[in-house]
>>> print(open('model09.csv').read())   # CSV, C-alpha atoms
chain,number,residue,atom,x,y,z
A,168,MET,CA,0.0,0.0,0.0
A,169,LYS,CA,1.1,3.6,-0.7
A,170,ASN,CA,1.2,4.4,3.1
A,171,ASP,CA,3.1,1.3,4.2
A,172,LYS,CA,5.1,1.8,7.4
A,173,ILE,CA,8.9,1.1,7.1
A,174,SER,CA,10.9,-0.4,9.9
A,175,VAL,CA,14.6,0.6,9.9
A,176,ILE,CA,16.7,-2.0,11.7
A,177,LEU,CA,19.9,-0.4,13.1
A,178,PRO,CA,22.1,-2.7,15.3
A,179,VAL,CA,25.1,-1.2,17.0
A,180,LYS,CA,27.7,-2.4,19.5
A,181,ASN,CA,30.2,0.2,20.8
A,182,GLY,CA,30.1,2.3,17.7
A,183,ASN,CA,31.1,5.9,17.0
A,184,GLU,CA,28.7,8.5,18.4
A,185,GLU,CA,29.0,11.0,15.5
A,186,TYR,CA,28.6,8.3,12.9
A,187,LEU,CA,25.5,6.9,14.6
A,188,LYS,CA,24.0,10.4,14.8
A,189,ARG,CA,24.7,10.8,11.1
A,190,ALA,CA,23.0,7.5,10.3
A,191,VAL,CA,19.9,8.3,12.3
A,192,GLU,CA,19.7,11.8,10.9
A,193,SER,CA,19.6,10.3,7.4
A,194,VAL,CA,16.4,8.5,8.4
A,195,LEU,CA,14.8,11.4,10.1
A,196,THR,CA,15.3,13.6,7.0
A,197,GLN,CA,13.4,11.2,4.7
A,198,SER,CA,10.9,12.6,2.3
A,199,TYR,CA,8.5,9.8,3.3
A,200,ASP,CA,7.5,10.0,7.0
A,201,ASN,CA,5.7,6.8,7.9
A,202,TYR,CA,8.6,4.9,9.5
A,203,GLU,CA,10.2,3.7,12.7
A,204,ILE,CA,13.8,3.1,13.7
A,205,LEU,CA,14.7,0.1,15.8
A,206,LEU,CA,17.9,1.0,17.5
A,207,ILE,CA,19.4,-2.3,18.8
A,208,ASP,CA,22.1,-2.1,21.4
A,209,ASP,CA,23.9,-5.4,21.1
A,210,GLY,CA,25.6,-5.5,24.5
A,211,SER,CA,27.5,-2.1,24.3
A,212,ARG,CA,29.6,-0.7,27.1
A,213,GLU,CA,27.6,1.3,29.6
A,214,GLU,CA,28.8,4.6,28.3
A,215,PHE,CA,27.9,3.9,24.7
A,216,SER,CA,24.5,2.4,25.8
A,217,ALA,CA,23.9,5.8,27.4
A,218,VAL,CA,24.7,7.5,24.0
A,219,MET,CA,22.2,5.2,22.2
A,220,LYS,CA,19.5,5.9,24.7
A,221,LYS,CA,20.1,9.7,24.4
A,222,ILE,CA,19.8,9.4,20.6
A,223,ALA,CA,16.6,7.3,20.9
A,224,GLY,CA,15.1,10.0,23.1
A,225,THR,CA,15.3,12.7,20.4
A,226,ASP,CA,12.4,11.4,18.4
A,227,ALA,CA,9.4,9.3,19.2
A,228,ARG,CA,9.8,7.2,16.1
A,229,ILE,CA,13.1,5.7,17.5
A,230,ARG,CA,12.6,2.6,19.6
A,231,TYR,CA,15.6,1.4,21.7
A,232,PHE,CA,16.2,-2.2,22.6
A,233,ARG,CA,19.0,-3.7,24.6
A,234,VAL,CA,20.1,-7.3,23.9
A,235,GLU,CA,23.1,-9.1,25.3
A,236,SER,CA,25.7,-9.7,22.6
A,237,LEU,CA,23.5,-11.6,20.1
A,238,GLY,CA,25.9,-10.6,17.3
A,239,VAL,CA,24.8,-8.6,14.2
A,240,SER,CA,22.7,-11.5,12.8
A,241,GLY,CA,20.9,-12.2,16.1
A,242,ALA,CA,20.3,-8.5,16.6
A,243,ARG,CA,18.7,-8.2,13.2
A,244,ASN,CA,16.6,-11.3,13.6
A,245,PHE,CA,15.4,-10.0,17.0
A,246,ALA,CA,14.5,-6.6,15.5
A,247,VAL,CA,12.4,-8.2,12.7
A,248,GLU,CA,10.2,-9.8,15.4
A,249,LYS,CA,9.8,-6.5,17.2
A,250,ALA,CA,9.2,-4.4,14.0
A,251,ALA,CA,5.7,-2.8,13.6
A,252,GLY,CA,6.3,-1.9,10.0
A,253,ASP,CA,5.0,-3.5,6.8
A,254,ILE,CA,8.4,-3.1,5.1
A,255,ILE,CA,11.8,-3.9,6.6
A,256,THR,CA,15.1,-2.3,5.7
A,257,TYR,CA,18.5,-2.3,7.3
A,258,LEU,CA,21.2,0.3,8.1
A,259,ASP,CA,24.6,0.0,9.7
A,260,GLY,CA,25.7,2.6,12.3
A,261,ASP,CA,28.4,4.2,10.2
A,262,ASP,CA,26.4,4.5,6.9
A,263,THR,CA,23.6,6.7,5.6
A,264,LEU,CA,20.5,6.5,3.5
A,265,ASP,CA,19.5,8.7,0.5
A,266,ARG,CA,16.6,11.0,1.6
A,267,PHE,CA,14.3,9.8,-1.2
A,268,CYS,CA,14.8,6.0,-0.8
A,269,PHE,CA,11.8,5.4,1.4
A,270,GLU,CA,9.5,7.2,-1.0
A,271,GLU,CA,10.9,5.4,-4.1
A,272,ALA,CA,10.9,1.9,-2.4
A,273,VAL,CA,7.2,2.3,-1.3
A,274,THR,CA,6.3,3.4,-4.8
A,275,VAL,CA,7.9,0.3,-6.4
A,276,LEU,CA,6.4,-2.1,-3.9
A,277,SER,CA,3.0,-0.6,-3.8
A,278,SER,CA,2.6,-0.7,-7.6
A,279,SER,CA,3.9,-4.3,-8.1
A,280,LYS,CA,3.7,-7.8,-6.8
A,281,TYR,CA,7.4,-7.8,-5.7
A,282,ASP,CA,8.3,-9.1,-2.3
A,283,ALA,CA,11.4,-7.0,-2.2
A,284,VAL,CA,13.3,-4.3,-4.1
A,285,PHE,CA,17.1,-4.0,-3.9
A,286,GLY,CA,18.3,-0.4,-4.5
A,287,GLY,CA,21.9,0.9,-5.2
A,288,THR,CA,24.8,1.6,-3.0
A,289,LEU,CA,27.5,4.2,-3.4
A,290,TYR,CA,30.9,3.7,-1.7
A,291,ILE,CA,32.1,6.8,0.0
A,292,TYR,CA,35.9,6.9,0.4
A,293,SER,CA,37.7,8.5,3.3
A,294,ASP,CA,39.4,11.9,3.0
A,295,LYS,CA,42.7,10.4,1.9
A,296,ASN,CA,41.0,8.4,-0.8
A,297,SER,CA,38.4,11.0,-1.8
A,298,ASP,CA,40.0,11.3,-5.3
A,299,LYS,CA,38.7,7.8,-6.1
A,300,ASN,CA,35.2,9.1,-6.0
A,301,PRO,CA,35.2,12.9,-6.8
A,302,ALA,CA,31.5,13.0,-7.4
A,303,VAL,CA,30.6,12.4,-3.8
A,304,SER,CA,32.7,13.4,-0.8
A,305,VAL,CA,32.6,12.6,2.9
A,306,ASP,CA,31.2,16.1,3.4
A,307,ASN,CA,28.0,14.7,2.0
A,308,SER,CA,27.3,13.6,5.5
A,309,LEU,CA,23.6,12.8,5.2
A,310,GLY,CA,24.1,10.7,2.1
A,311,ILE,CA,21.9,13.1,0.0
A,312,SER,CA,22.3,12.6,-3.7
A,313,GLY,CA,22.2,15.3,-6.4
A,314,LYS,CA,18.5,14.6,-7.0
A,315,GLU,CA,16.2,17.4,-6.0
A,316,ARG,CA,13.2,15.0,-6.0
A,317,ALA,CA,12.3,11.3,-5.9
A,318,PHE,CA,11.9,9.5,-9.2
A,319,THR,CA,8.4,9.3,-10.5
A,320,ALA,CA,6.6,6.0,-10.8
A,321,GLU,CA,7.2,6.0,-14.5
A,322,GLU,CA,10.9,6.8,-14.1
A,323,LEU,CA,11.2,4.0,-11.5
A,324,LYS,CA,9.6,1.6,-13.9
A,325,SER,CA,12.2,2.3,-16.5
A,326,ARG,CA,15.0,1.8,-13.9
A,327,THR,CA,13.6,-1.6,-12.7
A,328,ILE,CA,15.4,-4.8,-13.5
A,329,LYS,CA,13.4,-8.0,-13.2
A,330,LEU,CA,15.2,-10.9,-11.6
A,331,THR,CA,13.7,-13.7,-13.7
A,332,GLU,CA,14.4,-17.4,-13.3
A,333,LYS,CA,16.4,-17.2,-16.4
A,334,ARG,CA,18.7,-14.6,-14.7
A,335,LYS,CA,19.1,-16.7,-11.5
A,336,HIS,CA,22.7,-17.8,-12.1
A,337,LYS,CA,23.8,-14.2,-12.9
A,338,THR,CA,22.0,-12.9,-9.8
A,339,HIS,CA,23.8,-15.5,-7.6
A,340,PHE,CA,27.1,-14.5,-9.1
A,341,GLU,CA,26.4,-10.8,-8.4
A,342,CYS,CA,25.6,-11.7,-4.8
A,343,ILE,CA,28.9,-13.4,-4.0
A,344,ALA,CA,31.4,-12.1,-6.6
A,345,GLU,CA,30.9,-9.1,-8.8
A,346,PRO,CA,28.0,-6.8,-7.9
A,347,TYR,CA,25.7,-5.4,-10.6
A,348,ARG,CA,26.8,-1.8,-11.4
A,349,PHE,CA,25.1,1.1,-13.1
A,350,GLU,CA,25.9,4.3,-14.8
A,351,ASP,CA,26.1,6.8,-11.9
A,352,GLY,CA,28.6,4.8,-9.9
A,353,GLY,CA,26.0,2.9,-7.9
A,354,TYR,CA,26.0,-0.8,-7.5
A,355,ILE,CA,23.8,-3.5,-5.9
A,356,SER,CA,25.6,-4.4,-2.7
A,357,ARG,CA,26.3,-8.0,-1.7
A,358,GLY,CA,25.2,-7.2,1.8
A,359,ILE,CA,22.2,-5.6,3.5
A,360,ALA,CA,22.4,-2.2,1.8
A,361,GLY,CA,19.4,-0.8,0.0
A,362,ARG,CA,17.1,-3.8,0.7
A,363,PHE,CA,13.4,-3.1,1.2
A,364,ILE,CA,11.5,-6.3,2.0
A,365,ARG,CA,7.9,-6.9,2.9
A,366,LYS,CA,7.8,-8.1,6.5
A,367,ASN,CA,5.2,-10.8,5.8
A,368,ALA,CA,7.5,-12.3,3.1
A,369,LEU,CA,10.4,-12.4,5.5
A,370,ILE,CA,8.4,-14.0,8.3
A,371,GLU,CA,6.6,-16.5,6.1
A,372,GLY,CA,9.8,-17.6,4.3
A,373,ASP,CA,11.7,-17.6,7.6
A,374,TYR,CA,14.5,-15.6,6.0
A,375,ARG,CA,16.7,-15.1,9.0
A,376,PHE,CA,20.3,-14.2,9.2
A,377,PRO,CA,22.3,-17.3,10.1
A,378,GLU,CA,23.4,-16.9,13.7
A,379,GLY,CA,26.8,-18.2,14.8
A,380,ILE,CA,28.2,-17.1,11.4
A,381,ARG,CA,30.2,-13.9,11.6
A,382,ILE,CA,31.5,-13.6,8.0
A,383,TYR,CA,29.4,-13.8,4.7
A,384,GLU,CA,26.2,-14.2,6.8
A,385,ASP,CA,24.6,-11.6,4.5
A,386,ALA,CA,25.6,-13.5,1.4
A,387,ILE,CA,23.8,-16.6,2.7
A,388,TRP,CA,20.8,-14.5,3.6
A,389,ASN,CA,20.7,-13.0,0.1
A,390,ILE,CA,21.1,-16.3,-1.7
A,391,GLU,CA,18.2,-17.8,0.3
A,392,MET,CA,15.9,-14.8,-0.4
A,393,LEU,CA,16.8,-14.7,-4.1
A,394,SER,CA,15.8,-18.4,-4.4
A,395,GLY,CA,12.4,-17.9,-2.7
A,396,LEU,CA,11.1,-14.3,-3.1
A,397,LYS,CA,10.0,-12.2,-6.1
A,398,ILE,CA,12.7,-9.5,-6.2
A,399,CYS,CA,13.8,-6.7,-8.5
A,400,TYR,CA,16.8,-4.4,-8.7
A,401,LEU,CA,16.4,-0.7,-9.0
A,402,ARG,CA,19.0,1.6,-10.6
A,403,SER,CA,18.8,4.3,-8.0
A,404,VAL,CA,21.4,5.0,-5.2
A,405,TRP,CA,19.7,4.5,-1.9
A,406,TYR,CA,22.5,3.6,0.5
A,407,TYR,CA,25.9,5.4,1.2
A,408,TYR,CA,28.5,3.0,2.5
A,409,PHE,CA,31.3,4.9,4.2
A,410,GLU,CA,34.8,3.6,4.3
A,411,ASN,CA,35.8,2.9,7.9
A,412,GLU,CA,39.3,1.6,8.6
A,413,ALA,CA,38.3,1.0,12.2
A,414,SER,CA,35.5,-1.5,11.2
A,415,VAL,CA,35.4,-5.1,12.5
A,416,SER,CA,36.3,-6.3,9.0
A,417,ASN,CA,39.7,-4.8,9.4
A,418,ALA,CA,40.4,-6.1,12.9
A,419,PHE,CA,42.9,-8.8,13.9
A,420,ASN,CA,41.1,-12.1,14.1
A,421,GLU,CA,43.0,-15.2,15.1
A,422,ASN,CA,39.9,-17.4,14.2
A,423,VAL,CA,39.4,-15.9,10.8
A,424,ILE,CA,40.0,-19.2,8.9
A,425,SER,CA,37.4,-21.2,10.8
A,426,ASP,CA,35.1,-18.2,10.7
A,427,ILE,CA,35.3,-18.2,6.9
A,428,GLU,CA,35.1,-21.9,6.3
A,429,LYS,CA,31.7,-22.4,7.8
A,430,PRO,CA,29.9,-19.9,5.6
A,431,ILE,CA,31.9,-21.0,2.5
A,432,GLU,CA,30.7,-24.6,3.1
A,433,ARG,CA,27.1,-23.4,3.5
A,434,LEU,CA,27.3,-21.3,0.3
A,435,SER,CA,28.6,-24.3,-1.6
A,436,GLU,CA,25.4,-26.1,-0.6
A,437,LEU,CA,23.2,-23.2,-1.7
A,438,LEU,CA,24.9,-22.5,-5.0
A,439,ASP,CA,24.7,-24.5,-8.2
A,440,LEU,CA,28.4,-25.3,-8.6
A,441,ASP,CA,27.7,-27.3,-11.8
A,442,ASN,CA,26.8,-24.0,-13.4
A,443,LYS,CA,29.9,-22.2,-14.9
A,444,LEU,CA,28.9,-18.7,-13.7
A,445,GLU,CA,28.0,-19.8,-10.1
A,446,TYR,CA,31.2,-21.8,-9.8
A,447,HIS,CA,33.2,-18.9,-11.0
A,448,GLY,CA,31.5,-16.7,-8.4
A,449,TYR,CA,32.2,-19.3,-5.7
A,450,THR,CA,35.9,-19.5,-6.5
A,451,ARG,CA,36.1,-15.7,-6.6
A,452,LEU,CA,34.8,-15.8,-3.0
A,453,VAL,CA,37.4,-18.3,-2.0
A,454,MET,CA,40.1,-16.2,-3.5
A,455,ASP,CA,38.8,-13.0,-1.8
A,456,SER,CA,38.8,-15.0,1.4
A,457,LEU,CA,42.5,-15.6,1.1
A,458,ARG,CA,43.0,-11.8,0.9
A,459,TYR,CA,40.8,-11.4,4.0
A,460,ILE,CA,42.8,-14.0,5.9
A,461,TYR,CA,46.0,-12.1,5.0
A,462,LYS,CA,44.5,-8.8,6.1
A,463,CYS,CA,43.1,-10.0,9.4
A,464,LEU,CA,45.7,-12.6,10.3
A,465,TYR,CA,49.0,-13.2,8.4
A,466,GLY,CA,49.5,-9.6,7.4
A,467,HIS,CA,48.2,-8.0,10.6
A,468,PRO,CA,50.8,-6.5,12.9
A,469,ASP,CA,49.2,-8.2,15.9
A,470,TYR,CA,49.9,-11.7,14.5
A,471,CYS,CA,53.0,-13.3,16.1
A,472,PRO,CA,52.7,-17.1,15.6
A,473,GLY,CA,55.3,-19.8,16.3
A,474,ARG,CA,56.8,-21.7,13.5
A,475,VAL,CA,54.7,-24.8,14.1
A,476,GLU,CA,51.5,-22.9,14.1
A,477,ARG,CA,52.4,-21.0,10.9
A,478,ARG,CA,53.4,-24.3,9.1
A,479,LYS,CA,50.1,-26.0,10.1
A,480,ILE,CA,48.0,-23.1,8.9
A,481,LEU,CA,49.8,-22.8,5.6
A,482,LYS,CA,49.6,-26.5,5.0
A,483,HIS,CA,45.8,-26.3,5.5
A,484,LEU,CA,45.4,-23.4,3.1
A,485,HIS,CA,47.3,-25.1,0.4
A,486,ARG,CA,46.2,-28.7,0.7
A,487,ASP,CA,42.6,-28.8,2.1
A,488,GLU,CA,39.2,-27.8,0.8
A,489,PRO,CA,37.9,-25.3,0.0
A,490,TRP,CA,41.3,-23.6,-0.5
A,491,LYS,CA,42.9,-26.1,-2.8
A,492,SER,CA,40.0,-25.7,-5.3
A,493,ILE,CA,41.5,-22.5,-6.7
A,494,LYS,CA,44.3,-24.5,-8.4
A,495,SER,CA,42.0,-27.2,-9.7
A,496,LEU,CA,41.4,-27.7,-13.5
A,497,LYS,CA,37.8,-26.6,-13.1
A,498,TYR,CA,38.8,-23.3,-11.5
A,499,ILE,CA,41.4,-22.7,-14.2
A,500,ARG,CA,38.8,-23.4,-16.9
A,501,TYR,CA,36.0,-21.2,-15.4
A,502,ALA,CA,37.8,-18.3,-13.7
A,503,SER,CA,39.2,-15.3,-15.5
A,504,GLY,CA,42.9,-14.8,-15.9
A,505,ARG,CA,42.8,-11.9,-13.5
A,506,ASP,CA,41.1,-13.9,-10.8
A,507,ARG,CA,43.6,-16.7,-11.2
A,508,GLN,CA,46.5,-14.3,-11.0
A,509,LYS,CA,45.2,-12.7,-7.8
A,510,ALA,CA,44.6,-16.0,-6.2
A,511,ILE,CA,48.2,-17.2,-7.0
A,512,LEU,CA,49.6,-13.9,-5.7
A,513,PHE,CA,47.9,-14.2,-2.4
A,514,LYS,CA,49.0,-17.8,-2.0
A,515,LEU,CA,52.6,-16.8,-2.8
A,516,ARG,CA,52.4,-13.9,-0.4
A,517,LEU,CA,51.4,-16.4,2.4
A,518,LEU,CA,54.2,-18.7,1.4
A,519,PHE,CA,56.7,-15.9,1.4
A,520,LEU,CA,55.8,-14.9,4.9
A,521,PHE,CA,56.3,-18.5,6.0
A,522,TRP,CA,59.7,-18.7,4.2
A,523,LYS,CA,60.7,-15.4,5.8
A,524,HIS,CA,59.7,-16.5,9.3
A,525,LYS,CA,61.4,-19.9,8.8
A,526,ASN,CA,64.7,-18.2,7.9
A,527,GLY,CA,64.8,-15.9,10.9
A,528,GLY,CA,62.7,-13.0,9.6
A,529,VAL,CA,59.8,-11.3,11.3
>>> encode(input="model09.csv", output="structure tokens")
Amino acid sequence: MKNDKISVILPVKNGNEEYLKRAVESVLTQSYDNYEILLIDDGSREEFSAVMKKIAGTDARIRYFRVESLGVSGARNFAVEKAAGDIITYLDGDDTLDRFCFEEAVTVLSSSKYDAVFGGTLYIYSDKNSDKNPAVSVDNSLGISGKERAFTAEELKSRTIKLTEKRKHKTHFECIAEPYRFEDGGYISRGIAGRFIRKNALIEGDYRFPEGIRIYEDAIWNIEMLSGLKICYLRSVWYYYFENEASVSNAFNENVISDIEKPIERLSELLDLDNKLEYHGYTRLVMDSLRYIYKCLYGHPDYCPGRVERRKILKHLHRDEPWKSIKSLKYIRYASGRDRQKAILFKLRLLFLFWKHKNGGV
């Protein structure tokens, strides 16, 4: 319906006060006013909980909930059950929403039989990297685009991409490997960004974020929804993802390998690995995971393992599944030359670190 209520789910644990205020303000300045914000405090320290309560007290449409360290997946699932809206969307505490996204999402969903619409994301670089995206700077703090108005229903119709059964393999590839990109720099994120989903469809299909999985949990959630719901893409930037070097994804994690292997195994069950495109996407994900392991473990300054531990881990990364799949004949046949080269480079980098340590280096 044209006046559907939107529930914005915003889970935070010990975040940045200014970033959180910016995220909330991007909701409060929406051109569409029938919404609520579910501010989920996922076991923050007492002082940051006080900050969240203070922010919640600034507007009656903000509902504050305290949960005890459920993790981002558990916090989001909890919020869906508490949501009073007809449509669910998600926001992270250091990102923002375009001021017309609610109006456009409701227009699309109210004039169609879609269960969900996925809008575009724009990556906002930090000050030192702002030259990578000169069109939008960090000063654009509320994530407001150059548009002076929302797109009309007719304009939105021309920007809609139907995700048909025929397109399924490409959609799965975009979800785990290379996102769909459009002309103004926007892209369909592989995560939670820009998703507007009817609550009854989420509940009836039991599309919950997988709890106990800390990495790629949103990829699993997306693949399951794409397999069961009627979804479309919309070529309109709705979500502004701000580069944050202090984010959890950049932190040292001594358990990163086991954290990654569990969702990779789950995705291998959800994907059609007999399909060339989906297998290519899966091996891209494995390759990207090697880079992630390097960033959060081997290449991180806090990592100081003994020789035996380093040898054991490297042996596992080179000889066991899913890691050994990137040197298989099937991978070589289906992956692009660029992907193969990147995978080999990261494997060599890991080996180089082992060699350096073995011979008395750092």
>>> closest_residue(input="model09.csv", among="A:Gly252, A:Lys429, A:Arg500, A:Leu437", to="Glu378 in chain A", atoms="only C-alpha atoms")
A:Lys429
>>> residues_around(input="model09.csv", residues="Thr196 in chain A", least_positions_apart="3", cutoff="10 Å", atoms="only C-alpha atoms", output="ChimeraX atom specification")
/A:191-193,199-200,264-267,309,311
>>> residues_around(input="model09.csv", residues="Pro178 in chain A", least_positions_apart="4", cutoff="7 Å", atoms="only C-alpha atoms", output="list in words")
Leu206, Ile207, Asp208, Asp209, Val239, Ala242, Arg243 and Asp259 of chain A
>>> residues_around(input="model09.csv", residues="range 220-230 of chain A", least_positions_apart="5", cutoff="9 Å", atoms="all atoms listed in the file", output="ChimeraX atom specification")
/A:187-188,191,195,202-207,215
>>> residues_around(input="model09.csv", residues="range 461-467 of chain A", least_positions_apart="2", cutoff="7 Å", atoms="all atoms listed in the file", output="CSV table (one decimal) with C-alpha atoms, in the frame of the given file")
chain,number,residue,atom,x,y,z
A,417,ASN,CA,39.7,-4.8,9.4
A,418,ALA,CA,40.4,-6.1,12.9
A,419,PHE,CA,42.9,-8.8,13.9
A,420,ASN,CA,41.1,-12.1,14.1
A,421,GLU,CA,43.0,-15.2,15.1
A,457,LEU,CA,42.5,-15.6,1.1
A,458,ARG,CA,43.0,-11.8,0.9
A,459,TYR,CA,40.8,-11.4,4.0
A,469,ASP,CA,49.2,-8.2,15.9
A,470,TYR,CA,49.9,-11.7,14.5
>>> closest_residue(input="model09.csv", among="A:Ile493, A:Ala360, A:Ala502, A:Leu440", to="Ser456 in chain A", atoms="all atoms listed in the file")
A:Ile493
>>> residues_around(input="model09.csv", residues="Asn442 in chain A", least_positions_apart="2", cutoff="12 Å", atoms="all atoms listed in the file", output="PyMOL selection string")
chain A and resi 335-337+339-340+435+438-440+444-449+497+501
>>> closest_residue(input="model09.csv", among="A:Arg486, A:Arg402, A:Arg362, A:Lys169", to="Thr327 in chain A", atoms="only C-alpha atoms")
A:Arg402
>>> atom_distance(input="model09.csv", atom1="CA of Asp385 in chain A", atom2="CA of Gly358 in chain A")
5.2 Å
>>> closest_atom_pairs(input="model09.csv", of="range 381-440 of chain A", to="range 317-322 of chain A", cutoff="12 Å", atoms="all atoms listed in the file", output="tab-separated table")
residue	atom	partner	partner_atom	distance
A:Leu401	CA	A:Glu322	CA	10.6
A:Arg402	CA	A:Glu322	CA	10.2
A:Ser403	CA	A:Phe318	CA	8.7
A:Val404	CA	A:Ala317	CA	11.1
A:Trp405	CA	A:Ala317	CA	10.8
>>> atom_distance(input="model09.csv", atom1="CA of Asp441 in chain A", atom2="CA of Asp282 in chain A")
28.2 Å
>>> atom_distance(input="model09.csv", atom1="CA of Trp388 in chain A", atom2="CA of Phe376 in chain A")
5.6 Å
>>> closest_residue(input="model09.csv", among="A:Ile254, A:Ile364, A:Val475, A:Ile380", to="Gly241 in chain A", atoms="only C-alpha atoms")
A:Ile380
>>> closest_residue(input="model09.csv", among="A:Ile355, A:Leu481, A:Ala190, A:Ile255", to="Ile370 in chain A", atoms="all atoms listed in the file")
A:Ile255
